[in-house]
$ cat entry_32.pdb   # PDB, N, CA and C atoms
ATOM      1  N   MET A  77      36.284 -83.281-136.070
ATOM      2  CA  MET A  77      36.220 -83.825-137.405
ATOM      3  C   MET A  77      35.933 -82.727-138.425
ATOM      4  N   GLY A  78      35.186 -81.717-138.084
ATOM      5  CA  GLY A  78      34.869 -80.634-139.006
ATOM      6  C   GLY A  78      36.112 -79.963-139.553
ATOM      7  N   ALA A  79      37.120 -79.736-138.705
ATOM      8  CA  ALA A  79      38.361 -79.097-139.151
ATOM      9  C   ALA A  79      39.100 -79.992-140.136
ATOM     10  N   ALA A  80      39.081 -81.301-139.905
ATOM     11  CA  ALA A  80      39.764 -82.234-140.807
ATOM     12  C   ALA A  80      39.121 -82.207-142.185
ATOM     13  N   ILE A  81      37.821 -82.113-142.244
ATOM     14  CA  ILE A  81      37.128 -82.086-143.533
ATOM     15  C   ILE A  81      37.484 -80.816-144.295
ATOM     16  N   ARG A  82      37.609 -79.693-143.620
ATOM     17  CA  ARG A  82      37.952 -78.444-144.290
ATOM     18  C   ARG A  82      39.349 -78.476-144.886
ATOM     19  N   ARG A  83      40.233 -79.331-144.389
ATOM     20  CA  ARG A  83      41.602 -79.421-144.895
ATOM     21  C   ARG A  83      41.734 -80.348-146.096
ATOM     22  N   LEU A  84      40.705 -81.074-146.428
ATOM     23  CA  LEU A  84      40.777 -81.989-147.571
ATOM     24  C   LEU A  84      40.949 -81.209-148.860
ATOM     25  N   GLN A  85      41.822 -81.693-149.704
ATOM     26  CA  GLN A  85      42.028 -81.113-151.030
ATOM     27  C   GLN A  85      41.425 -82.074-152.046
ATOM     28  N   PRO A  86      40.693 -81.554-153.020
ATOM     29  CA  PRO A  86      40.105 -82.461-154.008
ATOM     30  C   PRO A  86      41.183 -83.119-154.856
ATOM     31  N   MET A  87      41.020 -84.417-155.101
ATOM     32  CA  MET A  87      41.935 -85.150-155.970
ATOM     33  C   MET A  87      41.526 -84.982-157.426
ATOM     34  N   PHE A  88      40.237 -84.881-157.646
ATOM     35  CA  PHE A  88      39.687 -84.718-158.989
ATOM     36  C   PHE A  88      38.633 -83.626-158.948
ATOM     37  N   ALA A  89      38.436 -82.961-160.070
ATOM     38  CA  ALA A  89      37.462 -81.871-160.131
ATOM     39  C   ALA A  89      36.695 -81.924-161.440
ATOM     40  N   GLY A  90      35.445 -81.537-161.383
ATOM     41  CA  GLY A  90      34.643 -81.387-162.585
ATOM     42  C   GLY A  90      35.129 -80.178-163.367
ATOM     43  N   GLU A  91      34.603 -80.015-164.563
ATOM     44  CA  GLU A  91      35.072 -78.947-165.452
ATOM     45  C   GLU A  91      34.963 -77.566-164.799
ATOM     46  N   ARG A  92      33.839 -77.260-164.205
ATOM     47  CA  ARG A  92      33.640 -75.945-163.604
ATOM     48  C   ARG A  92      34.623 -75.700-162.465
ATOM     49  N   SER A  93      34.813 -76.714-161.623
ATOM     50  CA  SER A  93      35.745 -76.573-160.497
ATOM     51  C   SER A  93      37.191 -76.495-160.972
ATOM     52  N   ALA A  94      37.533 -77.308-161.968
ATOM     53  CA  ALA A  94      38.902 -77.281-162.504
ATOM     54  C   ALA A  94      39.192 -75.915-163.127
ATOM     55  N   ALA A  95      38.230 -75.368-163.850
ATOM     56  CA  ALA A  95      38.398 -74.036-164.432
ATOM     57  C   ALA A  95      38.562 -72.995-163.330
ATOM     58  N   ALA A  96      37.774 -73.098-162.281
ATOM     59  CA  ALA A  96      37.864 -72.147-161.168
ATOM     60  C   ALA A  96      39.228 -72.233-160.484
ATOM     61  N   LEU A  97      39.781 -73.440-160.367
ATOM     62  CA  LEU A  97      41.114 -73.596-159.769
ATOM     63  C   LEU A  97      42.157 -72.805-160.552
ATOM     64  N   LEU A  98      41.951 -72.664-161.855
ATOM     65  CA  LEU A  98      42.891 -71.942-162.714
ATOM     66  C   LEU A  98      42.411 -70.518-163.007
ATOM     67  N   ASP A  99      41.365 -70.089-162.299
ATOM     68  CA  ASP A  99      40.805 -68.750-162.444
ATOM     69  C   ASP A  99      40.399 -68.478-163.893
ATOM     70  N   MET A 100      39.671 -69.454-164.471
ATOM     71  CA  MET A 100      39.209 -69.348-165.863
ATOM     72  C   MET A 100      37.714 -69.614-165.918
ATOM     73  N   GLU A 101      37.119 -69.137-166.981
ATOM     74  CA  GLU A 101      35.736 -69.509-167.277
ATOM     75  C   GLU A 101      35.769 -70.921-167.858
ATOM     76  N   PRO A 102      34.717 -71.727-167.606
ATOM     77  CA  PRO A 102      34.697 -73.092-168.148
ATOM     78  C   PRO A 102      34.903 -73.157-169.661
ATOM     79  N   VAL A 103      34.367 -72.199-170.413
ATOM     80  CA  VAL A 103      34.526 -72.223-171.878
ATOM     81  C   VAL A 103      35.998 -72.045-172.257
ATOM     82  N   GLU A 104      36.707 -71.184-171.544
ATOM     83  CA  GLU A 104      38.135 -70.975-171.809
ATOM     84  C   GLU A 104      38.931 -72.233-171.427
ATOM     85  N   PHE A 105      38.571 -72.833-170.301
ATOM     86  CA  PHE A 105      39.223 -74.066-169.847
ATOM     87  C   PHE A 105      39.044 -75.163-170.894
ATOM     88  N   ARG A 106      37.794 -75.352-171.372
ATOM     89  CA  ARG A 106      37.491 -76.397-172.354
ATOM     90  C   ARG A 106      38.261 -76.149-173.649
ATOM     91  N   ARG A 107      38.392 -74.888-174.056
ATOM     92  CA  ARG A 107      39.139 -74.555-175.269
ATOM     93  C   ARG A 107      40.597 -74.982-175.133
ATOM     94  N   LEU A 108      41.191 -74.744-173.974
ATOM     95  CA  LEU A 108      42.584 -75.141-173.750
ATOM     96  C   LEU A 108      42.732 -76.655-173.724
ATOM     97  N   VAL A 109      41.730 -77.350-173.213
ATOM     98  CA  VAL A 109      41.746 -78.818-173.222
ATOM     99  C   VAL A 109      41.671 -79.313-174.664
ATOM    100  N   GLU A 110      40.762 -78.750-175.436
ATOM    101  CA  GLU A 110      40.597 -79.171-176.837
ATOM    102  C   GLU A 110      41.842 -78.899-177.668
ATOM    103  N   ARG A 111      42.575 -77.824-177.352
ATOM    104  CA  ARG A 111      43.807 -77.493-178.074
ATOM    105  C   ARG A 111      44.996 -78.328-177.603
ATOM    106  N   GLY A 112      44.834 -79.094-176.522
ATOM    107  CA  GLY A 112      45.919 -79.916-176.002
ATOM    108  C   GLY A 112      46.828 -79.190-175.031
ATOM    109  N   CYS A 113      46.465 -77.963-174.650
ATOM    110  CA  CYS A 113      47.269 -77.201-173.689
ATOM    111  C   CYS A 113      47.062 -77.704-172.263
ATOM    112  N   LEU A 114      45.909 -78.264-172.011
ATOM    113  CA  LEU A 114      45.582 -78.858-170.714
ATOM    114  C   LEU A 114      45.157 -80.298-170.958
ATOM    115  N   PRO A 115      45.317 -81.167-169.959
ATOM    116  CA  PRO A 115      44.986 -82.583-170.156
ATOM    117  C   PRO A 115      43.487 -82.812-170.329
ATOM    118  N   ARG A 116      43.185 -83.903-170.985
ATOM    119  CA  ARG A 116      41.795 -84.323-171.118
ATOM    120  C   ARG A 116      41.331 -84.879-169.776
ATOM    121  N   PRO A 117      40.045 -84.901-169.558
ATOM    122  CA  PRO A 117      39.534 -85.448-168.295
ATOM    123  C   PRO A 117      39.681 -86.962-168.247
ATOM    124  N   ARG A 118      39.597 -87.475-167.061
ATOM    125  CA  ARG A 118      39.579 -88.932-166.861
ATOM    126  C   ARG A 118      38.141 -89.348-166.616
ATOM    127  N   ARG A 119      37.830 -90.529-167.025
ATOM    128  CA  ARG A 119      36.481 -91.059-166.826
ATOM    129  C   ARG A 119      36.426 -91.810-165.508
ATOM    130  N   ILE A 120      35.450 -91.463-164.702
ATOM    131  CA  ILE A 120      35.150 -92.196-163.466
ATOM    132  C   ILE A 120      33.670 -92.553-163.580
ATOM    133  N   GLY A 121      33.405 -93.770-164.023
ATOM    134  CA  GLY A 121      32.023 -94.143-164.314
ATOM    135  C   GLY A 121      31.510 -93.289-165.452
ATOM    136  N   ASP A 122      30.418 -92.593-165.218
ATOM    137  CA  ASP A 122      29.838 -91.704-166.231
ATOM    138  C   ASP A 122      30.349 -90.275-166.117
ATOM    139  N   LEU A 123      31.238 -90.015-165.170
ATOM    140  CA  LEU A 123      31.709 -88.657-164.904
ATOM    141  C   LEU A 123      33.037 -88.365-165.592
ATOM    142  N   GLU A 124      33.229 -87.124-165.979
ATOM    143  CA  GLU A 124      34.522 -86.644-166.463
ATOM    144  C   GLU A 124      35.123 -85.797-165.347
ATOM    145  N   ARG A 125      36.345 -86.116-164.950
ATOM    146  CA  ARG A 125      37.000 -85.381-163.876
ATOM    147  C   ARG A 125      38.458 -85.137-164.237
ATOM    148  N   TRP A 126      38.972 -83.993-163.808
ATOM    149  CA  TRP A 126      40.372 -83.645-164.021
ATOM    150  C   TRP A 126      41.156 -83.899-162.750
ATOM    151  N   ASP A 127      42.337 -84.464-162.917
ATOM    152  CA  ASP A 127      43.263 -84.711-161.822
ATOM    153  C   ASP A 127      43.842 -83.357-161.396
ATOM    154  N   THR A 128      43.507 -82.894-160.203
ATOM    155  CA  THR A 128      43.941 -81.560-159.774
ATOM    156  C   THR A 128      45.455 -81.485-159.612
ATOM    157  N   ASP A 129      46.086 -82.553-159.178
ATOM    158  CA  ASP A 129      47.544 -82.556-159.040
ATOM    159  C   ASP A 129      48.208 -82.380-160.406
ATOM    160  N   GLU A 130      47.669 -83.046-161.409
ATOM    161  CA  GLU A 130      48.208 -82.920-162.766
ATOM    162  C   GLU A 130      48.062 -81.480-163.280
ATOM    163  N   LEU A 131      46.914 -80.856-163.025
ATOM    164  CA  LEU A 131      46.712 -79.466-163.438
ATOM    165  C   LEU A 131      47.723 -78.540-162.769
ATOM    166  N   PHE A 132      47.936 -78.730-161.463
ATOM    167  CA  PHE A 132      48.889 -77.886-160.741
ATOM    168  C   PHE A 132      50.310 -78.071-161.273
ATOM    169  N   ARG A 133      50.705 -79.323-161.582
ATOM    170  CA  ARG A 133      52.051 -79.574-162.127
ATOM    171  C   ARG A 133      52.228 -78.903-163.484
ATOM    172  N   ILE A 134      51.199 -78.936-164.320
ATOM    173  CA  ILE A 134      51.285 -78.313-165.639
ATOM    174  C   ILE A 134      51.432 -76.810-165.505
ATOM    175  N   ILE A 135      50.602 -76.192-164.695
ATOM    176  CA  ILE A 135      50.637 -74.739-164.534
ATOM    177  C   ILE A 135      51.964 -74.278-163.932
ATOM    178  N   ARG A 136      52.535 -75.065-163.035
ATOM    179  CA  ARG A 136      53.820 -74.713-162.421
ATOM    180  C   ARG A 136      55.008 -75.040-163.324
ATOM    181  N   GLY A 137      54.774 -75.778-164.408
ATOM    182  CA  GLY A 137      55.861 -76.158-165.299
ATOM    183  C   GLY A 137      56.606 -77.396-164.838
ATOM    184  N   ASP A 138      56.052 -78.108-163.870
ATOM    185  CA  ASP A 138      56.710 -79.301-163.335
ATOM    186  C   ASP A 138      56.357 -80.571-164.104
ATOM    187  N   ALA A 139      55.416 -80.508-165.031
ATOM    188  CA  ALA A 139      54.942 -81.715-165.711
ATOM    189  C   ALA A 139      55.785 -82.083-166.919
ATOM    190  N   ILE A 140      56.635 -81.195-167.374
ATOM    191  CA  ILE A 140      57.441 -81.474-168.560
ATOM    192  C   ILE A 140      58.785 -82.074-168.137
ATOM    193  N   ALA A 141      59.195 -83.100-168.824
ATOM    194  CA  ALA A 141      60.475 -83.752-168.516
ATOM    195  C   ALA A 141      61.618 -82.933-169.101
ATOM    196  N   ALA A 142      62.767 -83.013-168.476
ATOM    197  CA  ALA A 142      63.936 -82.244-168.919
ATOM    198  C   ALA A 142      64.308 -82.573-170.360
ATOM    199  N   ASP A 143      64.123 -83.818-170.797
ATOM    200  CA  ASP A 143      64.510 -84.202-172.162
ATOM    201  C   ASP A 143      63.504 -83.689-173.216
ATOM    202  N   GLU A 144      62.421 -83.059-172.794
ATOM    203  CA  GLU A 144      61.448 -82.494-173.726
ATOM    204  C   GLU A 144      61.801 -81.069-174.133
ATOM    205  N   PHE A 145      62.768 -80.470-173.466
ATOM    206  CA  PHE A 145      63.207 -79.116-173.802
ATOM    207  C   PHE A 145      64.115 -79.143-175.012
ATOM    208  N   GLU A 146      63.934 -78.182-175.902
ATOM    209  CA  GLU A 146      64.850 -78.054-177.037
ATOM    210  C   GLU A 146      66.044 -77.228-176.601
ATOM    211  N   THR A 147      67.232 -77.654-177.021
ATOM    212  CA  THR A 147      68.428 -76.892-176.663
ATOM    213  C   THR A 147      69.125 -76.378-177.893
TER     214      THR A 147
END
$ encode --input "entry_32.pdb" --output "structure tokens"
Amino acid sequence: MGAAIRRLQPMFAGERSAAALLDMEPVEFRRLVERGCLPRPRRIGDLERWDTDELFRIIRGDAIAADEFET
């Protein structure tokens, strides 16, 4: 069971962890969120968490739809 736990990928991350996933300081991460460059957190009870899959899609450029490109 120990090996299975090590393979788990977080679905959501707090600000510090989300910033670390993108190799950023939390203040830089928060600035990008406030500017709209990164998504706002989701509320889970009293917690703010970022969807890690959404962050990865944005950074890879997979989150933008083809019709959003200017030609």
$ residues_around --input "entry_32.pdb" --residues "segment 91-93 of chain A" --least-positions-apart "2" --cutoff "6.5 Å" --atoms "only N, CA and C atoms" --output "list of chain:residue names"
A:Ala89, A:Ala95, A:Ala96, A:Leu97, A:Leu98, A:Pro102, A:Glu124, A:Arg125, A:Trp126
$ select_by_dssp --input "entry_32.pdb" --residues "chain A" --states "alpha helix (DSSP H)" --output "JSON list (two decimals) with N, CA and C atoms, in the coordinates of the input"
[["chain", "number", "residue", "atom", "x", "y", "z"],
["A", 78, "GLY", "N", 35.19, -81.72, -138.08],
["A", 78, "GLY", "CA", 34.87, -80.63, -139.01],
["A", 78, "GLY", "C", 36.11, -79.96, -139.55],
["A", 79, "ALA", "N", 37.12, -79.74, -138.71],
["A", 79, "ALA", "CA", 38.36, -79.10, -139.15],
["A", 79, "ALA", "C", 39.10, -79.99, -140.14],
["A", 80, "ALA", "N", 39.08, -81.30, -139.90],
["A", 80, "ALA", "CA", 39.76, -82.23, -140.81],
["A", 80, "ALA", "C", 39.12, -82.21, -142.18],
["A", 81, "ILE", "N", 37.82, -82.11, -142.24],
["A", 81, "ILE", "CA", 37.13, -82.09, -143.53],
["A", 81, "ILE", "C", 37.48, -80.82, -144.29],
["A", 82, "ARG", "N", 37.61, -79.69, -143.62],
["A", 82, "ARG", "CA", 37.95, -78.44, -144.29],
["A", 82, "ARG", "C", 39.35, -78.48, -144.89],
["A", 91, "GLU", "N", 34.60, -80.02, -164.56],
["A", 91, "GLU", "CA", 35.07, -78.95, -165.45],
["A", 91, "GLU", "C", 34.96, -77.57, -164.80],
["A", 92, "ARG", "N", 33.84, -77.26, -164.20],
["A", 92, "ARG", "CA", 33.64, -75.94, -163.60],
["A", 92, "ARG", "C", 34.62, -75.70, -162.46],
["A", 93, "SER", "N", 34.81, -76.71, -161.62],
["A", 93, "SER", "CA", 35.74, -76.57, -160.50],
["A", 93, "SER", "C", 37.19, -76.50, -160.97],
["A", 94, "ALA", "N", 37.53, -77.31, -161.97],
["A", 94, "ALA", "CA", 38.90, -77.28, -162.50],
["A", 94, "ALA", "C", 39.19, -75.92, -163.13],
["A", 95, "ALA", "N", 38.23, -75.37, -163.85],
["A", 95, "ALA", "CA", 38.40, -74.04, -164.43],
["A", 95, "ALA", "C", 38.56, -73.00, -163.33],
["A", 96, "ALA", "N", 37.77, -73.10, -162.28],
["A", 96, "ALA", "CA", 37.86, -72.15, -161.17],
["A", 96, "ALA", "C", 39.23, -72.23, -160.48],
["A", 97, "LEU", "N", 39.78, -73.44, -160.37],
["A", 97, "LEU", "CA", 41.11, -73.60, -159.77],
["A", 97, "LEU", "C", 42.16, -72.81, -160.55],
["A", 102, "PRO", "N", 34.72, -71.73, -167.61],
["A", 102, "PRO", "CA", 34.70, -73.09, -168.15],
["A", 102, "PRO", "C", 34.90, -73.16, -169.66],
["A", 103, "VAL", "N", 34.37, -72.20, -170.41],
["A", 103, "VAL", "CA", 34.53, -72.22, -171.88],
["A", 103, "VAL", "C", 36.00, -72.04, -172.26],
["A", 104, "GLU", "N", 36.71, -71.18, -171.54],
["A", 104, "GLU", "CA", 38.14, -70.97, -171.81],
["A", 104, "GLU", "C", 38.93, -72.23, -171.43],
["A", 105, "PHE", "N", 38.57, -72.83, -170.30],
["A", 105, "PHE", "CA", 39.22, -74.07, -169.85],
["A", 105, "PHE", "C", 39.04, -75.16, -170.89],
["A", 106, "ARG", "N", 37.79, -75.35, -171.37],
["A", 106, "ARG", "CA", 37.49, -76.40, -172.35],
["A", 106, "ARG", "C", 38.26, -76.15, -173.65],
["A", 107, "ARG", "N", 38.39, -74.89, -174.06],
["A", 107, "ARG", "CA", 39.14, -74.56, -175.27],
["A", 107, "ARG", "C", 40.60, -74.98, -175.13],
["A", 108, "LEU", "N", 41.19, -74.74, -173.97],
["A", 108, "LEU", "CA", 42.58, -75.14, -173.75],
["A", 108, "LEU", "C", 42.73, -76.66, -173.72],
["A", 109, "VAL", "N", 41.73, -77.35, -173.21],
["A", 109, "VAL", "CA", 41.75, -78.82, -173.22],
["A", 109, "VAL", "C", 41.67, -79.31, -174.66],
["A", 110, "GLU", "N", 40.76, -78.75, -175.44],
["A", 110, "GLU", "CA", 40.60, -79.17, -176.84],
["A", 110, "GLU", "C", 41.84, -78.90, -177.67],
["A", 128, "THR", "N", 43.51, -82.89, -160.20],
["A", 128, "THR", "CA", 43.94, -81.56, -159.77],
["A", 128, "THR", "C", 45.46, -81.48, -159.61],
["A", 129, "ASP", "N", 46.09, -82.55, -159.18],
["A", 129, "ASP", "CA", 47.54, -82.56, -159.04],
["A", 129, "ASP", "C", 48.21, -82.38, -160.41],
["A", 130, "GLU", "N", 47.67, -83.05, -161.41],
["A", 130, "GLU", "CA", 48.21, -82.92, -162.77],
["A", 130, "GLU", "C", 48.06, -81.48, -163.28],
["A", 131, "LEU", "N", 46.91, -80.86, -163.02],
["A", 131, "LEU", "CA", 46.71, -79.47, -163.44],
["A", 131, "LEU", "C", 47.72, -78.54, -162.77],
["A", 132, "PHE", "N", 47.94, -78.73, -161.46],
["A", 132, "PHE", "CA", 48.89, -77.89, -160.74],
["A", 132, "PHE", "C", 50.31, -78.07, -161.27],
["A", 133, "ARG", "N", 50.70, -79.32, -161.58],
["A", 133, "ARG", "CA", 52.05, -79.57, -162.13],
["A", 133, "ARG", "C", 52.23, -78.90, -163.48],
["A", 134, "ILE", "N", 51.20, -78.94, -164.32],
["A", 134, "ILE", "CA", 51.28, -78.31, -165.64],
["A", 134, "ILE", "C", 51.43, -76.81, -165.50],
["A", 135, "ILE", "N", 50.60, -76.19, -164.70],
["A", 135, "ILE", "CA", 50.64, -74.74, -164.53],
["A", 135, "ILE", "C", 51.96, -74.28, -163.93],
["A", 136, "ARG", "N", 52.54, -75.06, -163.04],
["A", 136, "ARG", "CA", 53.82, -74.71, -162.42],
["A", 136, "ARG", "C", 55.01, -75.04, -163.32]]
$ atom_distance --input "entry_32.pdb" --atom1 "atom C of Asp138 of chain A" --atom2 "atom N of Glu101 of chain A"
22.6 Å
$ atom_distance --input "entry_32.pdb" --atom1 "atom CA of Ile134 of chain A" --atom2 "atom CA of Leu114 of chain A"
7.7 Å
$ atom_distance --input "entry_32.pdb" --atom1 "atom N of Arg111 of chain A" --atom2 "atom C of Leu84 of chain A"
28.7 Å
$ closest_residue --input "entry_32.pdb" --among "A:Val109, A:Thr128, A:Ile120, A:Arg136" --to "Ala94 of chain A" --atoms "only C-alpha atoms"
A:Thr128
$ closest_residue --input "entry_32.pdb" --among "A:Pro115, A:Arg83, A:Leu108, A:Asp99" --to "Asp127 of chain A" --atoms "all atoms listed in the file"
A:Pro115
$ select_by_dssp --input "entry_32.pdb" --residues "chain A" --states "strand (DSSP E or B)" --output "ChimeraX atom specification"
/A:88-89,118-120,123-127
